[in-house]
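Coordinates as given in query11.csv (CSV, C-alpha atoms):
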```csv
chain,number,residue,atom,x,y,z
A,1,MET,CA,-14.7,6.2,-6.3
A,2,SER,CA,-15.9,3.0,-7.9
A,3,ASP,CA,-15.8,-0.7,-7.0
A,4,TYR,CA,-12.8,-2.8,-7.7
A,5,ASN,CA,-13.2,-4.7,-11.0
A,6,HIS,CA,-9.8,-6.3,-11.6
A,7,ILE,CA,-7.4,-7.3,-8.9
A,8,LEU,CA,-3.8,-8.2,-9.7
A,9,ALA,CA,-2.1,-10.4,-7.1
A,10,ALA,CA,1.6,-10.4,-7.4
A,11,VAL,CA,3.0,-13.7,-6.1
A,12,ASP,CA,6.1,-15.6,-5.8
A,13,PHE,CA,5.9,-19.1,-4.4
A,14,SER,CA,6.9,-18.4,-0.9
A,15,ALA,CA,4.8,-18.7,2.3
A,16,ALA,CA,4.2,-15.0,1.9
A,17,ALA,CA,2.4,-15.6,-1.4
A,18,GLU,CA,-0.3,-17.5,0.4
A,19,ALA,CA,-1.3,-14.4,2.4
A,20,ILE,CA,-1.4,-12.4,-0.8
A,21,GLY,CA,-3.4,-15.0,-2.6
A,22,ALA,CA,-5.8,-15.4,0.3
A,23,ARG,CA,-6.5,-11.7,0.5
A,24,ALA,CA,-6.9,-11.4,-3.2
A,25,LEU,CA,-9.5,-14.2,-3.2
A,26,ASP,CA,-11.3,-12.6,-0.2
A,27,LEU,CA,-11.5,-9.2,-1.9
A,28,SER,CA,-12.5,-10.7,-5.2
A,29,GLN,CA,-15.5,-12.3,-3.5
A,30,ARG,CA,-16.5,-9.2,-1.7
A,31,TYR,CA,-16.3,-7.1,-4.8
A,32,ALA,CA,-17.5,-9.8,-7.1
A,33,CYS,CA,-14.6,-9.1,-9.4
A,34,ARG,CA,-11.9,-10.9,-11.3
A,35,VAL,CA,-8.3,-11.7,-10.2
A,36,THR,CA,-5.2,-12.1,-12.2
A,37,LEU,CA,-2.3,-14.0,-10.6
A,38,VAL,CA,1.0,-12.6,-11.8
A,39,HIS,CA,4.4,-14.1,-11.3
A,40,ALA,CA,7.4,-12.2,-12.8
A,41,VAL,CA,10.4,-14.3,-13.6
A,42,ASP,CA,13.5,-12.2,-13.4
A,43,TYR,CA,16.0,-14.3,-15.2
A,44,LEU,CA,17.9,-11.7,-17.1
A,45,LEU,CA,21.2,-11.5,-15.3
A,46,PRO,CA,23.5,-8.6,-15.9
A,47,LEU,CA,25.3,-8.8,-19.2
A,48,GLY,CA,29.0,-8.1,-19.5
A,49,TYR,CA,29.7,-10.7,-17.0
A,50,ALA,CA,31.4,-13.2,-19.2
A,51,ASP,CA,34.7,-13.1,-20.8
A,52,ASP,CA,35.9,-15.1,-23.8
A,53,PHE,CA,36.8,-18.0,-21.6
A,54,THR,CA,33.9,-18.2,-19.1
A,55,PRO,CA,30.4,-18.8,-20.4
A,56,SER,CA,28.0,-16.2,-19.2
A,57,PRO,CA,25.5,-17.4,-16.6
A,58,VAL,CA,22.8,-16.0,-18.9
A,59,MET,CA,23.8,-18.5,-21.5
A,60,MET,CA,23.3,-21.4,-19.1
A,61,ILE,CA,19.6,-20.6,-18.4
A,62,ASP,CA,17.0,-22.2,-20.5
A,63,GLU,CA,14.5,-19.4,-20.7
A,64,ASN,CA,11.6,-21.4,-22.0
A,65,GLU,CA,12.1,-24.2,-19.4
A,66,LEU,CA,12.1,-21.5,-16.7
A,67,LEU,CA,8.9,-19.9,-17.9
A,68,GLU,CA,7.2,-23.3,-18.3
A,69,GLN,CA,8.2,-24.3,-14.8
A,70,SER,CA,6.8,-21.0,-13.5
A,71,ARG,CA,3.6,-21.6,-15.3
A,72,ARG,CA,3.3,-25.0,-13.6
A,73,SER,CA,4.1,-23.5,-10.2
A,74,LEU,CA,1.5,-20.8,-10.7
A,75,GLN,CA,-1.1,-23.4,-11.7
A,76,THR,CA,-0.4,-25.4,-8.6
A,77,PHE,CA,-0.5,-22.3,-6.4
A,78,ALA,CA,-3.9,-21.3,-7.9
A,79,GLU,CA,-5.4,-24.7,-7.2
A,80,LYS,CA,-4.0,-24.7,-3.6
A,81,MET,CA,-5.5,-21.3,-2.9
A,82,GLY,CA,-8.9,-21.9,-4.4
A,83,LEU,CA,-8.1,-19.4,-7.1
A,84,GLU,CA,-8.7,-21.7,-10.1
A,85,GLU,CA,-10.9,-19.1,-11.8
A,86,ALA,CA,-8.2,-16.5,-11.6
A,87,ARG,CA,-6.3,-15.8,-14.8
A,88,GLN,CA,-2.7,-16.8,-14.5
A,89,GLN,CA,0.1,-14.8,-16.1
A,90,VAL,CA,3.8,-15.4,-16.0
A,91,LEU,CA,5.9,-12.4,-17.1
A,92,ALA,CA,9.5,-12.3,-17.9
A,93,GLY,CA,11.4,-9.4,-16.5
A,94,ALA,CA,11.9,-7.3,-13.4
A,95,PRO,CA,8.9,-7.7,-11.1
A,96,ARG,CA,8.3,-4.1,-10.5
A,97,GLN,CA,8.3,-3.0,-14.1
A,98,GLU,CA,6.4,-6.0,-15.4
A,99,ILE,CA,3.7,-5.7,-12.7
A,100,ILE,CA,3.2,-2.0,-13.4
A,101,ARG,CA,3.1,-2.6,-17.1
A,102,TYR,CA,0.6,-5.4,-16.8
A,103,ALA,CA,-1.6,-3.3,-14.5
A,104,ARG,CA,-1.6,-0.4,-17.0
A,105,GLU,CA,-2.4,-2.5,-20.0
A,106,HIS,CA,-5.2,-4.6,-18.4
A,107,ASP,CA,-7.2,-2.0,-16.4
A,108,VAL,CA,-6.1,-3.3,-13.1
A,109,ASP,CA,-7.6,-1.2,-10.3
A,110,LEU,CA,-6.0,-2.9,-7.3
A,111,ILE,CA,-2.6,-4.5,-7.0
A,112,VAL,CA,-2.1,-6.8,-4.0
A,113,ILE,CA,1.5,-7.2,-3.0
A,114,GLY,CA,3.4,-8.4,0.1
A,115,SER,CA,5.4,-6.1,2.3
A,116,HIS,CA,8.0,-7.2,4.8
A,117,GLY,CA,8.6,-3.7,6.1
A,118,ARG,CA,11.8,-1.8,6.5
A,119,HIS,CA,13.4,-4.5,8.6
A,120,GLY,CA,12.2,-7.4,6.7
A,121,LEU,CA,14.4,-10.3,5.8
A,122,ASP,CA,13.4,-10.0,2.2
A,123,ARG,CA,14.7,-6.6,1.3
A,124,LEU,CA,14.2,-7.1,-2.3
A,125,LEU,CA,10.5,-7.6,-1.9
A,126,GLY,CA,10.4,-4.6,0.4
A,127,SER,CA,12.0,-2.5,-2.2
A,128,THR,CA,9.7,-3.9,-4.9
A,129,ALA,CA,6.7,-3.0,-2.8
A,130,ARG,CA,7.9,0.6,-2.4
A,131,SER,CA,8.5,0.9,-6.1
A,132,ILE,CA,5.1,-0.4,-7.0
A,133,LEU,CA,3.5,2.0,-4.5
A,134,ASN,CA,5.3,4.8,-6.3
A,135,ASP,CA,4.5,3.9,-9.8
A,136,ALA,CA,1.2,2.0,-9.8
A,137,PRO,CA,-1.5,3.5,-11.9
A,138,CYS,CA,-4.1,2.3,-9.3
A,139,ASP,CA,-4.6,1.5,-5.7
A,140,VAL,CA,-2.1,-0.8,-4.0
A,141,LEU,CA,-2.8,-3.1,-1.0
A,142,ALA,CA,0.4,-4.1,0.8
A,143,VAL,CA,-0.3,-7.2,2.9
A,144,ARG,CA,2.0,-7.3,5.9
A,145,ILE,CA,4.0,-10.5,5.9
A,146,ARG,CA,5.1,-11.5,9.3
A,147,GLU,CA,8.4,-13.2,9.6
A,148,GLU,CA,8.5,-16.5,11.5
B,1,MET,CA,-5.8,-14.6,7.1
B,2,SER,CA,-8.7,-13.0,8.9
B,3,ASP,CA,-11.3,-10.4,8.1
B,4,TYR,CA,-10.5,-6.8,8.6
B,5,ASN,CA,-12.0,-5.6,11.9
B,6,HIS,CA,-10.6,-2.1,12.4
B,7,ILE,CA,-9.8,0.2,9.5
B,8,LEU,CA,-7.8,3.4,10.1
B,9,ALA,CA,-8.3,6.1,7.5
B,10,ALA,CA,-5.6,8.7,7.6
B,11,VAL,CA,-7.0,12.0,6.3
B,12,ASP,CA,-6.2,15.6,5.9
B,13,PHE,CA,-8.9,17.8,4.6
B,14,SER,CA,-7.9,18.0,0.9
B,15,ALA,CA,-9.8,16.6,-2.0
B,16,ALA,CA,-7.6,13.6,-1.7
B,17,ALA,CA,-9.1,12.8,1.7
B,18,GLU,CA,-12.5,12.2,0.1
B,19,ALA,CA,-11.1,9.3,-1.9
B,20,ILE,CA,-9.6,7.8,1.2
B,21,GLY,CA,-12.8,8.4,3.3
B,22,ALA,CA,-15.0,6.9,0.5
B,23,ARG,CA,-12.8,3.8,0.2
B,24,ALA,CA,-12.7,3.3,4.0
B,25,LEU,CA,-16.4,3.6,4.2
B,26,ASP,CA,-16.9,1.1,1.3
B,27,LEU,CA,-14.5,-1.4,2.9
B,28,SER,CA,-16.0,-1.1,6.4
B,29,GLN,CA,-19.4,-2.0,4.8
B,30,ARG,CA,-18.0,-5.0,3.0
B,31,TYR,CA,-16.2,-6.2,6.1
B,32,ALA,CA,-18.9,-5.0,8.6
B,33,CYS,CA,-16.1,-3.5,10.6
B,34,ARG,CA,-15.4,-0.2,12.4
B,35,VAL,CA,-13.5,2.8,11.1
B,36,THR,CA,-11.4,5.3,12.9
B,37,LEU,CA,-10.7,8.6,11.1
B,38,VAL,CA,-7.3,9.9,12.1
B,39,HIS,CA,-6.0,13.4,11.4
B,40,ALA,CA,-2.5,14.2,12.6
B,41,VAL,CA,-1.7,17.8,13.3
B,42,ASP,CA,2.0,18.5,12.8
B,43,TYR,CA,2.3,21.8,14.5
B,44,LEU,CA,5.7,21.3,16.1
B,45,LEU,CA,7.9,23.5,14.1
B,46,PRO,CA,11.7,23.1,14.4
B,47,LEU,CA,13.1,24.7,17.5
B,48,GLY,CA,16.2,26.9,17.5
B,49,TYR,CA,14.6,29.1,15.0
B,50,ALA,CA,14.1,32.1,17.1
B,51,ASP,CA,16.7,34.5,18.4
B,52,ASP,CA,16.3,36.8,21.3
B,53,PHE,CA,14.7,39.5,19.2
B,54,THR,CA,12.4,37.5,16.9
B,55,PRO,CA,9.6,35.4,18.5
B,56,SER,CA,9.7,31.8,17.5
B,57,PRO,CA,6.9,30.8,15.2
B,58,VAL,CA,6.2,28.0,17.6
B,59,MET,CA,5.3,30.6,20.2
B,60,MET,CA,2.7,32.1,18.0
B,61,ILE,CA,0.7,28.9,17.6
B,62,ASP,CA,-2.2,28.3,20.0
B,63,GLU,CA,-2.0,24.5,20.2
B,64,ASN,CA,-5.3,24.0,21.8
B,65,GLU,CA,-7.1,26.2,19.3
B,66,LEU,CA,-5.4,24.3,16.4
B,67,LEU,CA,-6.5,20.9,17.8
B,68,GLU,CA,-10.0,22.2,18.4
B,69,GLN,CA,-10.2,23.5,14.9
B,70,SER,CA,-9.0,20.1,13.6
B,71,ARG,CA,-11.6,18.3,15.6
B,72,ARG,CA,-14.3,20.5,14.1
B,73,SER,CA,-12.9,19.9,10.6
B,74,LEU,CA,-12.8,16.1,11.2
B,75,GLN,CA,-16.4,16.2,12.4
B,76,THR,CA,-17.5,18.1,9.2
B,77,PHE,CA,-15.6,15.7,7.1
B,78,ALA,CA,-17.1,12.6,8.7
B,79,GLU,CA,-20.6,14.0,8.2
B,80,LYS,CA,-19.9,14.9,4.6
B,81,MET,CA,-18.6,11.4,3.9
B,82,GLY,CA,-21.4,9.5,5.6
B,83,LEU,CA,-18.9,8.4,8.2
B,84,GLU,CA,-20.8,9.7,11.2
B,85,GLU,CA,-20.4,6.4,13.0
B,86,ALA,CA,-16.6,6.3,12.6
B,87,ARG,CA,-14.5,7.2,15.6
B,88,GLN,CA,-12.7,10.5,15.1
B,89,GLN,CA,-9.2,11.0,16.4
B,90,VAL,CA,-7.0,14.1,16.1
B,91,LEU,CA,-3.4,13.4,17.0
B,92,ALA,CA,-0.7,15.9,17.6
B,93,GLY,CA,2.6,15.1,16.0
B,94,ALA,CA,4.3,13.9,12.8
B,95,PRO,CA,1.6,12.0,10.8
B,96,ARG,CA,3.8,9.0,10.1
B,97,GLN,CA,4.7,8.3,13.7
B,98,GLU,CA,1.3,9.1,15.1
B,99,ILE,CA,-0.5,7.0,12.6
B,100,ILE,CA,1.7,4.0,13.2
B,101,ARG,CA,1.5,4.4,17.0
B,102,TYR,CA,-2.2,4.7,16.9
B,103,ALA,CA,-2.5,1.6,14.7
B,104,ARG,CA,-0.3,-0.4,17.1
B,105,GLU,CA,-2.2,0.6,20.2
B,106,HIS,CA,-5.7,0.1,18.8
B,107,ASP,CA,-5.5,-3.2,17.0
B,108,VAL,CA,-5.9,-1.6,13.6
B,109,ASP,CA,-5.6,-4.2,10.8
B,110,LEU,CA,-5.8,-2.0,7.8
B,111,ILE,CA,-4.5,1.5,7.3
B,112,VAL,CA,-6.0,3.4,4.3
B,113,ILE,CA,-3.8,6.2,3.1
B,114,GLY,CA,-3.4,8.4,0.0
B,115,SER,CA,-0.6,8.0,-2.5
B,116,HIS,CA,0.4,10.5,-5.1
B,117,GLY,CA,3.2,8.5,-6.5
B,118,ARG,CA,6.8,9.4,-7.2
B,119,HIS,CA,5.9,12.4,-9.3
B,120,GLY,CA,3.1,13.6,-7.2
B,121,LEU,CA,2.7,17.3,-6.5
B,122,ASP,CA,2.5,16.4,-2.8
B,123,ARG,CA,5.9,14.9,-2.1
B,124,LEU,CA,5.4,15.1,1.6
B,125,LEU,CA,2.3,12.8,1.4
B,126,GLY,CA,4.2,10.5,-0.9
B,127,SER,CA,7.0,10.2,1.6
B,128,THR,CA,4.6,9.7,4.5
B,129,ALA,CA,2.9,6.9,2.5
B,130,ARG,CA,6.2,5.1,1.9
B,131,SER,CA,7.1,5.5,5.6
B,132,ILE,CA,3.8,4.1,6.7
B,133,LEU,CA,4.2,1.2,4.3
B,134,ASN,CA,7.5,0.4,5.9
B,135,ASP,CA,6.6,0.6,9.5
B,136,ALA,CA,2.9,-0.3,9.7
B,137,PRO,CA,2.1,-3.3,11.9
B,138,CYS,CA,-0.7,-4.3,9.5
B,139,ASP,CA,-1.9,-4.1,5.9
B,140,VAL,CA,-1.8,-0.8,4.2
B,141,LEU,CA,-4.1,0.3,1.3
B,142,ALA,CA,-2.6,3.1,-0.7
B,143,VAL,CA,-5.4,4.9,-2.6
B,144,ARG,CA,-4.0,6.4,-5.8
B,145,ILE,CA,-4.8,10.1,-5.8
B,146,ARG,CA,-5.0,11.5,-9.3
B,147,GLU,CA,-3.8,15.0,-9.7
B,148,GLU,CA,-6.2,17.4,-11.5
```
So, in terms of structure tokens, how does the structure I just supplied come out?
Amino acid sequence: MSDYNHILAAVDFSAAAEAIGARALDLSQRYACRVTLVHAVDYLLPLGYADDFTPSPVMMIDENELLEQSRRSLQTFAEKMGLEEARQQVLAGAPRQEIIRYAREHDVDLIVIGSHGRHGLDRLLGSTARSILNDAPCDVLAVRIREE
Amino acid sequence: MSDYNHILAAVDFSAAAEAIGARALDLSQRYACRVTLVHAVDYLLPLGYADDFTPSPVMMIDENELLEQSRRSLQTFAEKMGLEEARQQVLAGAPRQEIIRYAREHDVDLIVIGSHGRHGLDRLLGSTARSILNDAPCDVLAVRIREE
């Protein structure tokens, strides 16, 4: 077993993300290691949705604008959380796959995610957390998010 | 967010358990907090297995002997891992339920478990890890166990 060297904190911009960011910062101080804040933008809606008469929703999304907006939000989040020194990374795609891929390619040894549990309001996040637990190449810390 | 005060390390006595014990010890030092080593003995085999002529396997298990043996193994494990100061707790029942129950009743704020991933050889542990992630009242750290 070795010390953690590179923590990936997977955040959206909900209240839950603050618990994840705070724990990532706390651990990075205790392990004197770096943090990457990752936000995955899942803007790829299913294709085959449009017909000849209705424009597909995909066509109405300005991908670059969405990514740019996410970068600004991540910057604001980092500053708010005292994580200015963390690397910030916006990824385009399904959160589960993008987070796992990023972790593999960047020698991440701890992924910090949120978990709402089985009965959580946010079932998507719950399911993402389980998938990440299954597929992660490294340790995973699931921060319990308490519903208000 | 607050510091971790009570870490529960869920261990069997496999090689995987050493990675879990080592991480629990490491974290307990960084957070200056206590650790409880929990081993759940799932000796309750399904009933309705025996007929009038064949003794049920359940009847052949000496429960007290099994628990006593587990206590000795846990003691040996703690000494080997440098976790002599950790509380040791052998629980009788299904690991998932017993670990969750213990965590709830003893103000555990971090559960450390092993995770073999989706393709792990030990599918039971994988499934236990996912269940614990779902139901835990607190944060869960899944230590990635690498298969040899």
One decimal, in Å: what's the spacing between CA of Arg87 in chain B and CA of Ser2 in chain B?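 Going from CA of Arg87 in chain B over to CA of Ser2 in chain B covers 22.1 Å.
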CA of Ala16 in chain A and CA of Asp109 in chain B are how many Å apart?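 Answer for the CA of Ala16 in chain A to CA of Asp109 in chain B separation: 17.1 Å.
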Could you produce a table of the residues of chain B lying within 8 Å of chain A, with the nearest pair of atoms per residue and their separation in Å rounded to one decimal, using only C-alpha atoms, ordered by chain and increasing residue number, as JSON lines?
```
{"residue": "B:Met1", "atom": "CA", "partner": "A:Ala19", "partner_atom": "CA", "distance": 6.5}
{"residue": "B:Ala19", "atom": "CA", "partner": "A:Met1", "partner_atom": "CA", "distance": 6.5}
{"residue": "B:Ala22", "atom": "CA", "partner": "A:Met1", "partner_atom": "CA", "distance": 6.8}
{"residue": "B:Arg23", "atom": "CA", "partner": "A:Met1", "partner_atom": "CA", "distance": 7.2}
{"residue": "B:Arg30", "atom": "CA", "partner": "A:Arg30", "partner_atom": "CA", "distance": 6.5}
{"residue": "B:Ser115", "atom": "CA", "partner": "A:Leu133", "partner_atom": "CA", "distance": 7.5}
{"residue": "B:His116", "atom": "CA", "partner": "A:Asn134", "partner_atom": "CA", "distance": 7.6}
{"residue": "B:Gly117", "atom": "CA", "partner": "A:Asn134", "partner_atom": "CA", "distance": 4.3}
{"residue": "B:Arg118", "atom": "CA", "partner": "A:Asn134", "partner_atom": "CA", "distance": 4.9}
{"residue": "B:Gly126", "atom": "CA", "partner": "A:Asn134", "partner_atom": "CA", "distance": 7.9}
{"residue": "B:Arg130", "atom": "CA", "partner": "A:Arg130", "partner_atom": "CA", "distance": 6.5}
{"residue": "B:Leu133", "atom": "CA", "partner": "A:Gly117", "partner_atom": "CA", "distance": 6.8}
{"residue": "B:Asn134", "atom": "CA", "partner": "A:Gly117", "partner_atom": "CA", "distance": 4.2}
{"residue": "B:Asp135", "atom": "CA", "partner": "A:Gly117", "partner_atom": "CA", "distance": 5.8}
{"residue": "B:Ala136", "atom": "CA", "partner": "A:Gly117", "partner_atom": "CA", "distance": 7.6}
{"residue": "B:Pro137", "atom": "CA", "partner": "A:Arg144", "partner_atom": "CA", "distance": 7.2}
{"residue": "B:Cys138", "atom": "CA", "partner": "A:Arg144", "partner_atom": "CA", "distance": 5.4}
{"residue": "B:Asp139", "atom": "CA", "partner": "A:Val143", "partner_atom": "CA", "distance": 4.6}
{"residue": "B:Val140", "atom": "CA", "partner": "A:Ala142", "partner_atom": "CA", "distance": 5.2}
{"residue": "B:Leu141", "atom": "CA", "partner": "A:Leu141", "partner_atom": "CA", "distance": 4.3}
{"residue": "B:Ala142", "atom": "CA", "partner": "A:Val140", "partner_atom": "CA", "distance": 5.1}
{"residue": "B:Val143", "atom": "CA", "partner": "A:Asp139", "partner_atom": "CA", "distance": 4.7}
{"residue": "B:Arg144", "atom": "CA", "partner": "A:Asp139", "partner_atom": "CA", "distance": 4.9}
```
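When CA of Gln69 in chain B is paired with CA of Glu98 in chain B, their separation reads 18.4 Å.
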Set the distance at 12 Å and use only C-alpha atoms: which residues neighbour Glu79 in chain A once local chain neighbours fewer than 5 positions away are removed? I'd like the list as a list in words.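 After dropping sequence-adjacent residues, the list is Glu18, Gly21, Ala22, Leu25, Leu37, Arg72, Ser73, Leu74, Glu84, Glu85, Ala86, Arg87 and Gln88 of chain A.
With distances restricted to all atoms listed in the file, B:Asn5 is the closest residue to Val35 in chain B from B:Gln75, B:Ser70, B:Ser14, B:Asn5.
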Nearest to Gln29 in chain A by atom-to-atom distance, counting only C-alpha atoms, from A:Val41, A:Leu83, A:Leu66, A:Ala17: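 Checking each of A:Val41, A:Leu83, A:Leu66, A:Ala17 against Gln29 in chain A, counting only C-alpha atoms, the winner is A:Leu83.
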Could N, CA and C atoms be built for range 10-27 of chain B and written out as a PDB file, in the coordinates of the input?
```pdb
ATOM      1  N   ALA B  10      -6.429   7.551   7.272  1.00  0.00           N
ATOM      2  CA  ALA B  10      -5.600   8.700   7.600  1.00  0.00           C
ATOM      3  C   ALA B  10      -5.946   9.848   6.655  1.00  0.00           C
ATOM      4  N   VAL B  11      -6.527  10.897   7.196  1.00  0.00           N
ATOM      5  CA  VAL B  11      -7.000  12.000   6.300  1.00  0.00           C
ATOM      6  C   VAL B  11      -6.508  13.346   6.705  1.00  0.00           C
ATOM      7  N   ASP B  12      -6.247  14.124   5.683  1.00  0.00           N
ATOM      8  CA  ASP B  12      -6.200  15.600   5.900  1.00  0.00           C
ATOM      9  C   ASP B  12      -7.499  16.101   5.373  1.00  0.00           C
ATOM     10  N   PHE B  13      -7.590  17.337   5.002  1.00  0.00           N
ATOM     11  CA  PHE B  13      -8.900  17.800   4.600  1.00  0.00           C
ATOM     12  C   PHE B  13      -8.853  18.304   3.121  1.00  0.00           C
ATOM     13  N   SER B  14      -7.981  17.688   2.357  1.00  0.00           N
ATOM     14  CA  SER B  14      -7.900  18.000   0.900  1.00  0.00           C
ATOM     15  C   SER B  14      -8.897  17.207   0.151  1.00  0.00           C
ATOM     16  N   ALA B  15      -8.936  17.433  -1.157  1.00  0.00           N
ATOM     17  CA  ALA B  15      -9.800  16.600  -2.000  1.00  0.00           C
ATOM     18  C   ALA B  15      -9.396  15.172  -1.964  1.00  0.00           C
ATOM     19  N   ALA B  16      -8.098  14.929  -1.785  1.00  0.00           N
ATOM     20  CA  ALA B  16      -7.600  13.600  -1.700  1.00  0.00           C
ATOM     21  C   ALA B  16      -8.256  12.793  -0.571  1.00  0.00           C
ATOM     22  N   ALA B  17      -8.514  13.502   0.515  1.00  0.00           N
ATOM     23  CA  ALA B  17      -9.100  12.800   1.700  1.00  0.00           C
ATOM     24  C   ALA B  17     -10.425  12.202   1.387  1.00  0.00           C
ATOM     25  N   GLU B  18     -11.139  12.775   0.439  1.00  0.00           N
ATOM     26  CA  GLU B  18     -12.500  12.200   0.100  1.00  0.00           C
ATOM     27  C   GLU B  18     -12.354  10.836  -0.496  1.00  0.00           C
ATOM     28  N   ALA B  19     -11.340  10.638  -1.337  1.00  0.00           N
ATOM     29  CA  ALA B  19     -11.100   9.300  -1.900  1.00  0.00           C
ATOM     30  C   ALA B  19     -10.790   8.300  -0.840  1.00  0.00           C
ATOM     31  N   ILE B  20     -10.002   8.728   0.119  1.00  0.00           N
ATOM     32  CA  ILE B  20      -9.600   7.800   1.200  1.00  0.00           C
ATOM     33  C   ILE B  20     -10.816   7.525   2.107  1.00  0.00           C
ATOM     34  N   GLY B  21     -11.579   8.565   2.445  1.00  0.00           N
ATOM     35  CA  GLY B  21     -12.800   8.400   3.300  1.00  0.00           C
ATOM     36  C   GLY B  21     -13.787   7.460   2.591  1.00  0.00           C
ATOM     37  N   ALA B  22     -13.970   7.674   1.277  1.00  0.00           N
ATOM     38  CA  ALA B  22     -15.000   6.900   0.500  1.00  0.00           C
ATOM     39  C   ALA B  22     -14.543   5.412   0.501  1.00  0.00           C
ATOM     40  N   ARG B  23     -13.264   5.147   0.296  1.00  0.00           N
ATOM     41  CA  ARG B  23     -12.800   3.800   0.200  1.00  0.00           C
ATOM     42  C   ARG B  23     -12.908   3.106   1.626  1.00  0.00           C
ATOM     43  N   ALA B  24     -12.576   3.857   2.655  1.00  0.00           N
ATOM     44  CA  ALA B  24     -12.700   3.300   4.000  1.00  0.00           C
ATOM     45  C   ALA B  24     -14.113   2.955   4.355  1.00  0.00           C
ATOM     46  N   LEU B  25     -15.032   3.829   3.964  1.00  0.00           N
ATOM     47  CA  LEU B  25     -16.400   3.600   4.200  1.00  0.00           C
ATOM     48  C   LEU B  25     -16.885   2.300   3.447  1.00  0.00           C
ATOM     49  N   ASP B  26     -16.512   2.245   2.186  1.00  0.00           N
ATOM     50  CA  ASP B  26     -16.900   1.100   1.300  1.00  0.00           C
ATOM     51  C   ASP B  26     -16.325  -0.208   1.945  1.00  0.00           C
ATOM     52  N   LEU B  27     -15.077  -0.218   2.337  1.00  0.00           N
ATOM     53  CA  LEU B  27     -14.500  -1.400   2.900  1.00  0.00           C
ATOM     54  C   LEU B  27     -15.140  -1.800   4.239  1.00  0.00           C
TER      55      LEU B  27
END
```
